[in-house]
There are 2 protein chains.
Amino acid sequence: MSAAAISGKRRGRPLGGSAAIVRLVLEATLKQLGDHGVAGLSVEEIARTAGVNKTSVYRRWPTRADLVRAALLTLRDELPATQETGNLRDDLVRAVEAKAILVGTPRGRKIARAMMAFDDAEVAAIVQALRECRYSVPHVLIEHAIERGDLPRNIDPELLSELLLAPVYYRILMLNETVDSRYIGGVVDQVLAGLGAAAARARPACAAQTAEATSCA
Amino acid sequence: MSAAAISGKRRGRPLGGSAAIVRLVLEATLKQLGDHGVAGLSVEEIARTAGVNKTSVYRRWPTRADLVRAALLTLRDELPATQETGNLRDDLVRAVEAKAILVGTPRGRKIARAMMAFDDAEVAAIVQALRECRYSVPHVLIEHAIERGDLPRNIDPELLSELLLAPVYYRILMLNETVDSRYIGGVVDQVLAGLGAAAARARPACAAQTAEATSCA
DNA sequence: GTCCTAAAGCAACATTGGTTGCTTTCTGCC
DNA sequence: GGCAGAAAGCAACCAATGTTGCTTTAGGAC
């Protein structure tokens, strides 16, 4: 549904307020980001897609960065919230998988690239906010595991979260490769093994041994 | 030294061949990438910086991607080669640190972002080539360690390399934070501990224990 | 030495991206 | 109901980005 369908593309203040136009423009912006990346972002094309005059876009979002920031913020409502079972290993795999799926689509990949390509403090802040805005992100799962006593108290949830998420982004964005469940499982197991936490499901023989090592972590 | 200084900015075929012009333009391109990132890349500005007419640039590199690709390839000769001591942990820390230093400068960061921003197969291939073109990259160090018998044969050097490098890029490019030696040391220790390889220098008490776990990896 | 071609500069042109002034229409207030 | 202001469209305009035709110079083949 284009703005034309709403406003009849006639002049003057829109009928039901500006909300519809804002939504259409930001949707079009995300689409453009997904299709052409940050380099090929054209405000005119966005306006055309949204069925809106380009001055309406320029007046509301003076710079390209403003537009991208606003569009990225709408992503917050798209992020899925996975639920927590209490099994740390499985929960971590699921949380990382959710990110991988999001970033793994062509659209997601381009948007993630766009996020990074903007060497802009405010965009960085938005990325930060997007990372924090759901409960099922790894560092929260790790905090819960510590509270449950599944992990020692002296480990750093943030660091651990980085170790888990970084390879996913690295492979997808830097190496242009894919990640599958097997890969993610391997990363999680590897990191958990390093922690000396409950060992990987796949290698129960190691569990007792690595649990011993916990005191060293 | 500008092209004007070489060619006297006069018309016609250049005196000593085109090599000087190519070099000046690609240098200017890297400078632009480092200063303004991929979004603010202006061919005219590059031509001006190089002291060359813009048509000379457009005729040789028809698209912006061509220019960026060519410029990135020249980076190959800039990468420092660190030497290998045979102590895996220290060698890995040094190798990862070398990358972190390269990517950690404002220029390096912008260039790395530029590499990623191009959702372009050829640029990806160049990034790949750049990663492979020196000996002191983690996966080579790991291969050597396996040959020496310091690591079991059944581990995947590529995967391990990813686990080590990814957090550095993630922190710098995604989170806009810095990495220091301590952080890198922590990552290396964590990954090595997970491998069950010789434990981290900082916790000799764990060495024997984690070495035992090697058979499970 | 002459001629042909490659490679560069120059300038004019076209296209695109962004800006501004003006008009039109809706909303809220009196 | 009339009026002020907000918000949008339209069109003209300016600047930056690419493109093309032409000219100039160097190097190599004959």
# chains A, B, ... in the order shown; residues from 1 in each chain; ligands from 1
$ interface_residues --of "chain C" --to "chain A" --cutoff "12 Å" --atoms "only C-alpha atoms (C1' of nucleotides)" --output "VMD selection string"
chain C and resid 16 to 20 23 to 27
$ calpha_fit_and_write --fixed "chain A" --moving "chain B" --output "short mmCIF file (atom, residue, chain, number, x, y, z; two decimals) with C-alpha atoms, in the first residue's frame"
data_model
loop_
_atom_site.label_atom_id
_atom_site.label_comp_id
_atom_site.auth_asym_id
_atom_site.auth_seq_id
_atom_site.Cartn_x
_atom_site.Cartn_y
_atom_site.Cartn_z
CA MET B 1 -0.13 0.06 0.41
CA SER B 2 1.38 3.29 -0.79
CA ALA B 3 0.97 6.74 0.63
CA ALA B 4 -0.99 7.55 -2.48
CA ALA B 5 -3.57 5.00 -1.40
CA ILE B 6 -3.78 6.73 1.96
CA SER B 7 -3.57 10.35 1.05
CA GLY B 8 -4.75 10.09 -2.53
CA LYS B 9 -1.42 11.74 -3.41
CA ARG B 10 -3.07 15.09 -3.15
CA ARG B 11 -1.36 18.12 -1.78
CA GLY B 12 -1.53 19.44 1.70
CA ARG B 13 -1.39 18.10 5.17
CA PRO B 14 -2.19 14.39 5.27
CA LEU B 15 -5.50 13.20 6.62
CA GLY B 16 -4.64 10.88 9.46
CA GLY B 17 -1.46 12.60 10.57
CA SER B 18 2.04 11.79 9.41
CA ALA B 19 2.41 8.38 11.00
CA ALA B 20 1.55 6.50 7.82
CA ILE B 21 4.08 8.41 5.78
CA VAL B 22 6.80 7.88 8.33
CA ARG B 23 6.12 4.17 8.37
CA LEU B 24 6.06 3.87 4.59
CA VAL B 25 9.30 5.79 4.18
CA LEU B 26 11.17 3.84 6.82
CA GLU B 27 9.92 0.55 5.38
CA ALA B 28 11.11 1.64 1.97
CA THR B 29 14.46 2.64 3.45
CA LEU B 30 15.00 -0.79 4.96
CA LYS B 31 14.01 -2.37 1.69
CA GLN B 32 16.52 -0.22 -0.14
CA LEU B 33 19.21 -1.01 2.38
CA GLY B 34 18.48 -4.69 1.99
CA ASP B 35 18.45 -4.49 -1.79
CA HIS B 36 21.33 -2.19 -2.57
CA GLY B 37 23.28 -1.76 0.63
CA VAL B 38 24.35 1.53 2.05
CA ALA B 39 26.34 2.58 -1.01
CA GLY B 40 23.39 2.31 -3.37
CA LEU B 41 20.97 4.14 -1.15
CA SER B 42 18.90 6.59 -3.14
CA VAL B 43 16.52 8.95 -1.38
CA GLU B 44 14.56 9.53 -4.54
CA GLU B 45 14.10 5.80 -5.02
CA ILE B 46 12.98 5.49 -1.43
CA ALA B 47 10.48 8.28 -1.90
CA ARG B 48 9.20 6.65 -5.07
CA THR B 49 8.84 3.28 -3.37
CA ALA B 50 7.02 4.86 -0.46
CA GLY B 51 4.77 6.79 -2.83
CA VAL B 52 5.84 10.06 -1.29
CA ASN B 53 7.43 13.20 -2.62
CA LYS B 54 11.15 13.42 -2.11
CA THR B 55 10.89 16.77 -0.39
CA SER B 56 8.81 15.15 2.31
CA VAL B 57 11.69 12.83 2.96
CA TYR B 58 14.40 15.48 2.84
CA ARG B 59 12.48 17.84 5.10
CA ARG B 60 11.89 15.26 7.80
CA TRP B 61 15.29 13.53 7.63
CA PRO B 62 17.81 16.09 6.41
CA THR B 63 20.73 13.71 6.04
CA ARG B 64 21.02 10.20 4.80
CA ALA B 65 22.31 9.14 8.23
CA ASP B 66 19.17 10.48 9.87
CA LEU B 67 17.06 8.34 7.62
CA VAL B 68 19.15 5.23 8.17
CA ARG B 69 19.14 5.76 11.91
CA ALA B 70 15.38 6.07 12.01
CA ALA B 71 14.94 3.02 9.83
CA LEU B 72 17.28 0.90 11.92
CA LEU B 73 15.38 1.81 15.05
CA THR B 74 12.25 0.24 13.62
CA LEU B 75 14.13 -3.04 13.46
CA ARG B 76 13.85 -3.25 17.19
CA ASP B 77 10.30 -4.45 16.84
CA GLU B 78 11.26 -7.16 14.40
CA LEU B 79 13.71 -9.08 16.51
CA PRO B 80 12.33 -12.43 17.56
CA ALA B 81 12.35 -13.31 21.24
CA THR B 82 13.33 -16.92 21.76
CA GLN B 83 12.38 -18.51 25.01
CA GLU B 84 14.70 -19.84 27.63
CA THR B 85 14.69 -23.49 28.67
CA GLY B 86 17.31 -23.38 31.39
CA ASN B 87 19.74 -25.63 29.50
CA LEU B 88 22.52 -23.13 28.94
CA ARG B 89 24.14 -24.86 26.02
CA ASP B 90 20.92 -25.26 24.09
CA ASP B 91 19.70 -21.79 24.93
CA LEU B 92 22.96 -20.26 23.75
CA VAL B 93 22.87 -22.22 20.52
CA ARG B 94 19.34 -21.07 19.88
CA ALA B 95 20.12 -17.44 20.67
CA VAL B 96 23.16 -17.39 18.43
CA GLU B 97 21.25 -19.21 15.72
CA ALA B 98 18.52 -16.59 15.87
CA LYS B 99 21.10 -13.89 15.19
CA ALA B 100 22.70 -15.95 12.47
CA ILE B 101 19.41 -16.44 10.71
CA LEU B 102 18.65 -12.74 10.93
CA VAL B 103 22.03 -11.72 9.59
CA GLY B 104 22.28 -14.64 7.18
CA THR B 105 19.54 -13.57 4.83
CA PRO B 106 20.63 -11.36 1.95
CA ARG B 107 18.54 -8.57 3.41
CA GLY B 108 19.89 -9.04 6.90
CA ARG B 109 23.42 -9.16 5.65
CA LYS B 110 23.11 -5.95 3.73
CA ILE B 111 21.50 -4.24 6.67
CA ALA B 112 24.20 -5.46 9.02
CA ARG B 113 26.82 -4.23 6.61
CA ALA B 114 25.04 -0.91 6.47
CA MET B 115 25.14 -0.66 10.23
CA MET B 116 28.86 -1.15 10.19
CA ALA B 117 29.60 0.96 7.19
CA PHE B 118 28.37 4.05 8.97
CA ASP B 119 31.32 5.12 11.05
CA ASP B 120 28.90 7.18 13.03
CA ALA B 121 28.54 7.41 16.77
CA GLU B 122 24.78 7.61 16.67
CA VAL B 123 24.44 4.58 14.45
CA ALA B 124 26.75 2.75 16.80
CA ALA B 125 24.49 3.72 19.68
CA ILE B 126 21.53 2.31 17.80
CA VAL B 127 23.33 -0.91 17.09
CA GLN B 128 24.08 -1.08 20.79
CA ALA B 129 20.45 -0.47 21.64
CA LEU B 130 19.32 -3.14 19.21
CA ARG B 131 21.65 -5.64 20.78
CA GLU B 132 20.31 -4.92 24.23
CA CYS B 133 16.64 -4.74 23.58
CA ARG B 134 15.70 -8.40 23.81
CA TYR B 135 16.02 -10.85 26.61
CA SER B 136 17.30 -13.82 24.69
CA VAL B 137 20.70 -12.37 23.91
CA PRO B 138 23.63 -14.47 25.05
CA HIS B 139 24.83 -12.27 27.85
CA VAL B 140 21.46 -12.40 29.55
CA LEU B 141 21.37 -16.16 29.24
CA ILE B 142 24.81 -16.28 30.79
CA GLU B 143 23.75 -14.03 33.64
CA HIS B 144 20.86 -16.35 34.34
CA ALA B 145 23.16 -19.34 34.28
CA ILE B 146 25.37 -17.65 36.83
CA GLU B 147 22.35 -16.94 39.02
CA ARG B 148 21.33 -20.58 38.74
CA GLY B 149 24.83 -21.60 39.76
CA ASP B 150 25.57 -23.28 36.43
CA LEU B 151 28.52 -20.97 35.88
CA PRO B 152 31.00 -19.46 38.32
CA ARG B 153 30.35 -15.87 39.37
CA ASN B 154 33.67 -14.52 38.22
CA ILE B 155 33.11 -14.78 34.49
CA ASP B 156 32.22 -11.82 32.34
CA PRO B 157 28.90 -12.29 30.52
CA GLU B 158 29.68 -9.53 28.05
CA LEU B 159 33.00 -11.02 27.04
CA LEU B 160 31.50 -14.45 26.69
CA SER B 161 28.69 -13.07 24.61
CA GLU B 162 31.20 -11.47 22.32
CA LEU B 163 33.10 -14.71 21.92
CA LEU B 164 29.91 -16.42 20.85
CA LEU B 165 28.47 -13.82 18.52
CA ALA B 166 31.63 -12.52 16.93
CA PRO B 167 32.44 -15.63 14.86
CA VAL B 168 28.97 -15.57 13.36
CA TYR B 169 29.27 -11.99 12.20
CA TYR B 170 32.86 -12.53 11.14
CA ARG B 171 32.05 -15.49 8.94
CA ILE B 172 28.98 -13.95 7.39
CA LEU B 173 30.13 -10.37 6.92
CA MET B 174 33.88 -10.62 6.64
CA LEU B 175 34.39 -14.00 5.03
CA ASN B 176 31.14 -14.06 3.10
CA GLU B 177 30.50 -17.60 4.22
CA THR B 178 27.52 -19.21 5.84
CA VAL B 179 27.04 -20.63 9.30
CA ASP B 180 24.92 -23.64 10.11
CA SER B 181 23.75 -25.20 13.34
CA ARG B 182 26.75 -27.47 13.45
CA TYR B 183 29.15 -24.56 13.30
CA ILE B 184 27.29 -22.66 15.98
CA GLY B 185 27.15 -25.72 18.17
CA GLY B 186 30.89 -26.09 17.76
CA VAL B 187 31.54 -22.51 18.76
CA VAL B 188 29.31 -22.72 21.80
CA ASP B 189 30.89 -26.00 22.89
CA GLN B 190 34.35 -24.61 22.38
CA VAL B 191 33.66 -21.53 24.46
CA LEU B 192 31.88 -23.43 27.19
CA ALA B 193 34.70 -25.95 27.30
CA GLY B 194 37.14 -23.11 27.71
CA LEU B 195 35.09 -21.87 30.61
CA GLY B 196 35.27 -25.19 32.28
CA ALA B 197 31.51 -25.14 32.46
CA ALA B 198 29.31 -28.13 31.89
CA ALA B 199 30.92 -29.72 28.87
CA ALA B 200 29.35 -30.03 25.50
CA ARG B 201 26.43 -32.37 25.11
CA ALA B 202 28.31 -34.21 22.41
CA ARG B 203 31.18 -35.23 24.68
CA PRO B 204 29.73 -36.28 28.02
CA ALA B 205 32.98 -38.02 28.92
CA CYS B 206 34.60 -34.65 29.38
CA ALA B 207 31.94 -33.21 31.63
CA ALA B 208 33.37 -34.09 34.99
CA GLN B 209 36.88 -33.20 33.97
CA THR B 210 36.10 -29.78 32.59
CA ALA B 211 33.77 -29.06 35.47
CA GLU B 212 36.79 -29.51 37.71
CA ALA B 213 38.65 -26.89 35.74
CA THR B 214 35.95 -24.38 36.62
CA SER B 215 37.78 -23.28 39.73
CA CYS B 216 40.62 -22.04 37.58
CA ALA B 217 38.53 -19.80 35.34
#
$ residues_around --residues "DC3 in chain C" --least-positions-apart "4" --cutoff "12 Å" --atoms "only C-alpha atoms (C1' of nucleotides)" --output "VMD selection string"
chain D and resid 27 to 30
$ closest_atom_pairs --of "chain D" --to "chain B" --cutoff "10 Å" --atoms "only C-alpha atoms (C1' of nucleotides)" --output "CSV"
residue,atom,partner,partner_atom,distance
D:DA16,C1',B:Glu44,CA,9.4
D:DT17,C1',B:Glu44,CA,8.2
D:DG18,C1',B:Tyr58,CA,8.3
D:DT19,C1',B:Thr55,CA,9.0
D:DT23,C1',B:Arg11,CA,8.6
D:DT24,C1',B:Gly12,CA,5.0
D:DT25,C1',B:Gly12,CA,3.8
D:DA26,C1',B:Arg13,CA,5.3
D:DG27,C1',B:Arg13,CA,8.9
$ select_by_dssp --residues "chain B" --states "alpha helix (DSSP H)" --output "PDB file with C-alpha atoms, in the first residue's frame"
ATOM      1  CA  ALA B   3      51.391  13.445 -10.894  1.00  0.00           C
ATOM      2  CA  ALA B   4      51.864  17.051 -11.869  1.00  0.00           C
ATOM      3  CA  ALA B   5      55.386  16.863 -10.506  1.00  0.00           C
ATOM      4  CA  ILE B   6      55.987  13.811 -12.646  1.00  0.00           C
ATOM      5  CA  SER B   7      54.212  14.660 -15.832  1.00  0.00           C
ATOM      6  CA  ALA B  19      52.741   3.235 -13.370  1.00  0.00           C
ATOM      7  CA  ALA B  20      53.193   6.482 -11.469  1.00  0.00           C
ATOM      8  CA  ILE B  21      49.649   7.579 -12.129  1.00  0.00           C
ATOM      9  CA  VAL B  22      48.237   4.251 -11.081  1.00  0.00           C
ATOM     10  CA  ARG B  23      50.184   4.384  -7.847  1.00  0.00           C
ATOM     11  CA  LEU B  24      49.166   7.947  -7.068  1.00  0.00           C
ATOM     12  CA  VAL B  25      45.503   7.271  -7.725  1.00  0.00           C
ATOM     13  CA  LEU B  26      45.381   4.120  -5.641  1.00  0.00           C
ATOM     14  CA  GLU B  27      47.210   5.832  -2.795  1.00  0.00           C
ATOM     15  CA  ALA B  28      44.713   8.661  -2.945  1.00  0.00           C
ATOM     16  CA  THR B  29      41.866   6.152  -2.967  1.00  0.00           C
ATOM     17  CA  LEU B  30      43.097   4.486   0.204  1.00  0.00           C
ATOM     18  CA  LYS B  31      43.519   7.869   1.798  1.00  0.00           C
ATOM     19  CA  GLN B  32      39.968   8.786   0.884  1.00  0.00           C
ATOM     20  CA  LEU B  33      38.670   5.486   2.174  1.00  0.00           C
ATOM     21  CA  GLY B  34      40.517   6.034   5.409  1.00  0.00           C
ATOM     22  CA  ASP B  35      39.307   9.601   5.740  1.00  0.00           C
ATOM     23  CA  HIS B  36      35.700   9.401   4.656  1.00  0.00           C
ATOM     24  CA  VAL B  43      36.286  10.116  -7.493  1.00  0.00           C
ATOM     25  CA  GLU B  44      36.824  13.759  -8.253  1.00  0.00           C
ATOM     26  CA  GLU B  45      38.421  14.305  -4.864  1.00  0.00           C
ATOM     27  CA  ILE B  46      40.630  11.294  -5.443  1.00  0.00           C
ATOM     28  CA  ALA B  47      41.679  12.641  -8.812  1.00  0.00           C
ATOM     29  CA  ARG B  48      42.410  16.028  -7.283  1.00  0.00           C
ATOM     30  CA  THR B  49      44.471  14.483  -4.492  1.00  0.00           C
ATOM     31  CA  ALA B  50      46.408  12.396  -6.969  1.00  0.00           C
ATOM     32  CA  LYS B  54      39.180  12.699 -13.354  1.00  0.00           C
ATOM     33  CA  THR B  55      38.732  11.231 -16.807  1.00  0.00           C
ATOM     34  CA  SER B  56      41.987   9.370 -16.360  1.00  0.00           C
ATOM     35  CA  VAL B  57      40.492   7.738 -13.322  1.00  0.00           C
ATOM     36  CA  TYR B  58      37.111   6.984 -14.875  1.00  0.00           C
ATOM     37  CA  ARG B  59      38.647   5.546 -18.032  1.00  0.00           C
ATOM     38  CA  ARG B  60      40.930   3.163 -16.195  1.00  0.00           C
ATOM     39  CA  ARG B  64      33.791   2.798  -8.017  1.00  0.00           C
ATOM     40  CA  ALA B  65      34.097  -0.878  -7.072  1.00  0.00           C
ATOM     41  CA  ASP B  66      36.890  -1.340  -9.593  1.00  0.00           C
ATOM     42  CA  LEU B  67      38.820   1.457  -7.989  1.00  0.00           C
ATOM     43  CA  VAL B  68      38.274   0.174  -4.474  1.00  0.00           C
ATOM     44  CA  ARG B  69      39.243  -3.331  -5.479  1.00  0.00           C
ATOM     45  CA  ALA B  70      42.472  -2.147  -7.042  1.00  0.00           C
ATOM     46  CA  ALA B  71      43.286   0.000  -4.038  1.00  0.00           C
ATOM     47  CA  LEU B  72      42.632  -2.803  -1.572  1.00  0.00           C
ATOM     48  CA  LEU B  73      44.950  -5.079  -3.488  1.00  0.00           C
ATOM     49  CA  THR B  74      47.829  -2.706  -2.865  1.00  0.00           C
ATOM     50  CA  LEU B  88      51.947 -21.024  20.239  1.00  0.00           C
ATOM     51  CA  ARG B  89      50.237 -18.856  22.800  1.00  0.00           C
ATOM     52  CA  ASP B  90      52.625 -15.955  22.366  1.00  0.00           C
ATOM     53  CA  ASP B  91      52.702 -16.269  18.605  1.00  0.00           C
ATOM     54  CA  LEU B  92      48.923 -16.238  18.426  1.00  0.00           C
ATOM     55  CA  VAL B  93      48.705 -13.201  20.670  1.00  0.00           C
ATOM     56  CA  ARG B  94      51.201 -11.390  18.505  1.00  0.00           C
ATOM     57  CA  ALA B  95      49.450 -12.330  15.277  1.00  0.00           C
ATOM     58  CA  VAL B  96      46.060 -11.246  16.554  1.00  0.00           C
ATOM     59  CA  GLU B  97      47.562  -8.089  17.990  1.00  0.00           C
ATOM     60  CA  ALA B  98      49.067  -7.258  14.612  1.00  0.00           C
ATOM     61  CA  LYS B  99      45.617  -7.438  13.049  1.00  0.00           C
ATOM     62  CA  ALA B 100      44.101  -5.465  15.873  1.00  0.00           C
ATOM     63  CA  ILE B 101      46.633  -2.700  15.482  1.00  0.00           C
ATOM     64  CA  LEU B 102      46.036  -2.578  11.747  1.00  0.00           C
ATOM     65  CA  VAL B 103      42.275  -2.445  12.108  1.00  0.00           C
ATOM     66  CA  GLY B 104      42.360  -0.323  15.244  1.00  0.00           C
ATOM     67  CA  PRO B 106      41.016   5.218  12.357  1.00  0.00           C
ATOM     68  CA  ARG B 107      42.306   4.606   8.857  1.00  0.00           C
ATOM     69  CA  GLY B 108      42.362   0.857   9.262  1.00  0.00           C
ATOM     70  CA  ARG B 109      38.917   0.839  10.725  1.00  0.00           C
ATOM     71  CA  LYS B 110      37.438   2.806   7.890  1.00  0.00           C
ATOM     72  CA  ILE B 111      39.147   0.619   5.349  1.00  0.00           C
ATOM     73  CA  ALA B 112      37.943  -2.531   7.064  1.00  0.00           C
ATOM     74  CA  ARG B 113      34.440  -1.127   7.123  1.00  0.00           C
ATOM     75  CA  ALA B 114      34.768  -0.336   3.456  1.00  0.00           C
ATOM     76  CA  MET B 115      35.761  -3.898   2.739  1.00  0.00           C
ATOM     77  CA  MET B 116      32.647  -5.132   4.437  1.00  0.00           C
ATOM     78  CA  ALA B 117      30.304  -2.521   3.132  1.00  0.00           C
ATOM     79  CA  ALA B 121      31.882 -11.053  -4.561  1.00  0.00           C
ATOM     80  CA  GLU B 122      35.090  -9.684  -5.990  1.00  0.00           C
ATOM     81  CA  VAL B 123      35.796  -7.532  -2.967  1.00  0.00           C
ATOM     82  CA  ALA B 124      35.147 -10.567  -0.815  1.00  0.00           C
ATOM     83  CA  ALA B 125      37.680 -12.489  -2.867  1.00  0.00           C
ATOM     84  CA  ILE B 126      40.209  -9.746  -2.285  1.00  0.00           C
ATOM     85  CA  VAL B 127      39.568  -9.748   1.421  1.00  0.00           C
ATOM     86  CA  GLN B 128      40.114 -13.478   1.314  1.00  0.00           C
ATOM     87  CA  ALA B 129      43.349 -13.047  -0.574  1.00  0.00           C
ATOM     88  CA  LEU B 130      44.552 -10.423   1.874  1.00  0.00           C
ATOM     89  CA  ARG B 131      43.889 -12.738   4.759  1.00  0.00           C
ATOM     90  CA  GLU B 132      45.876 -15.513   3.172  1.00  0.00           C
ATOM     91  CA  PRO B 138      46.646 -17.588  13.072  1.00  0.00           C
ATOM     92  CA  HIS B 139      45.666 -20.585  11.030  1.00  0.00           C
ATOM     93  CA  VAL B 140      49.209 -21.046   9.793  1.00  0.00           C
ATOM     94  CA  LEU B 141      50.539 -20.788  13.318  1.00  0.00           C
ATOM     95  CA  ILE B 142      48.037 -23.416  14.362  1.00  0.00           C
ATOM     96  CA  GLU B 143      49.042 -25.698  11.511  1.00  0.00           C
ATOM     97  CA  HIS B 144      52.636 -25.419  12.616  1.00  0.00           C
ATOM     98  CA  ALA B 145      51.671 -26.192  16.183  1.00  0.00           C
ATOM     99  CA  ILE B 146      49.910 -29.315  14.987  1.00  0.00           C
ATOM    100  CA  GLU B 147      52.988 -30.336  13.016  1.00  0.00           C
ATOM    101  CA  ARG B 148      55.112 -29.792  16.118  1.00  0.00           C
ATOM    102  CA  PRO B 157      42.917 -24.470  12.041  1.00  0.00           C
ATOM    103  CA  GLU B 158      40.481 -22.366  10.065  1.00  0.00           C
ATOM    104  CA  LEU B 159      37.779 -22.560  12.692  1.00  0.00           C
ATOM    105  CA  LEU B 160      40.221 -21.792  15.444  1.00  0.00           C
ATOM    106  CA  SER B 161      41.559 -18.853  13.511  1.00  0.00           C
ATOM    107  CA  GLU B 162      38.057 -17.523  13.169  1.00  0.00           C
ATOM    108  CA  LEU B 163      37.428 -17.847  16.876  1.00  0.00           C
ATOM    109  CA  LEU B 164      40.524 -15.790  17.558  1.00  0.00           C
ATOM    110  CA  LEU B 165      40.136 -13.067  14.971  1.00  0.00           C
ATOM    111  CA  ALA B 166      36.391 -12.612  15.032  1.00  0.00           C
ATOM    112  CA  PRO B 167      36.162 -11.002  18.495  1.00  0.00           C
ATOM    113  CA  VAL B 168      38.730  -8.413  17.488  1.00  0.00           C
ATOM    114  CA  TYR B 169      36.814  -7.356  14.411  1.00  0.00           C
ATOM    115  CA  SER B 181      46.779  -6.806  24.730  1.00  0.00           C
ATOM    116  CA  ARG B 182      44.990  -7.967  27.836  1.00  0.00           C
ATOM    117  CA  TYR B 183      41.783  -8.588  25.945  1.00  0.00           C
ATOM    118  CA  ILE B 184      43.566 -10.439  23.180  1.00  0.00           C
ATOM    119  CA  GLY B 185      45.466 -12.510  25.683  1.00  0.00           C
ATOM    120  CA  GLY B 186      42.184 -13.397  27.333  1.00  0.00           C
ATOM    121  CA  VAL B 187      40.636 -14.486  24.067  1.00  0.00           C
ATOM    122  CA  VAL B 188      43.616 -16.598  23.104  1.00  0.00           C
ATOM    123  CA  ASP B 189      43.741 -18.220  26.539  1.00  0.00           C
ATOM    124  CA  GLN B 190      40.041 -18.885  26.470  1.00  0.00           C
ATOM    125  CA  VAL B 191      40.180 -20.557  23.077  1.00  0.00           C
ATOM    126  CA  LEU B 192      43.281 -22.552  23.882  1.00  0.00           C
ATOM    127  CA  ALA B 193      41.733 -23.655  27.159  1.00  0.00           C
ATOM    128  CA  GLY B 194      38.695 -24.815  25.263  1.00  0.00           C
ATOM    129  CA  LEU B 195      40.948 -26.829  23.018  1.00  0.00           C
ATOM    130  CA  ALA B 207      48.124 -26.931  32.407  1.00  0.00           C
ATOM    131  CA  ALA B 208      48.220 -30.593  33.248  1.00  0.00           C
ATOM    132  CA  GLN B 209      44.496 -30.801  33.725  1.00  0.00           C
ATOM    133  CA  THR B 210      43.523 -29.173  30.462  1.00  0.00           C
ATOM    134  CA  ALA B 211      46.204 -31.088  28.623  1.00  0.00           C
ATOM    135  CA  GLU B 212      44.402 -34.228  29.738  1.00  0.00           C
ATOM    136  CA  ALA B 213      41.207 -32.948  28.182  1.00  0.00           C
TER     137      ALA B 213
END
$ atom_distance --atom1 "C1' of DC30 in chain C" --atom2 "C1' of DA7 in chain D"
21.7 Å
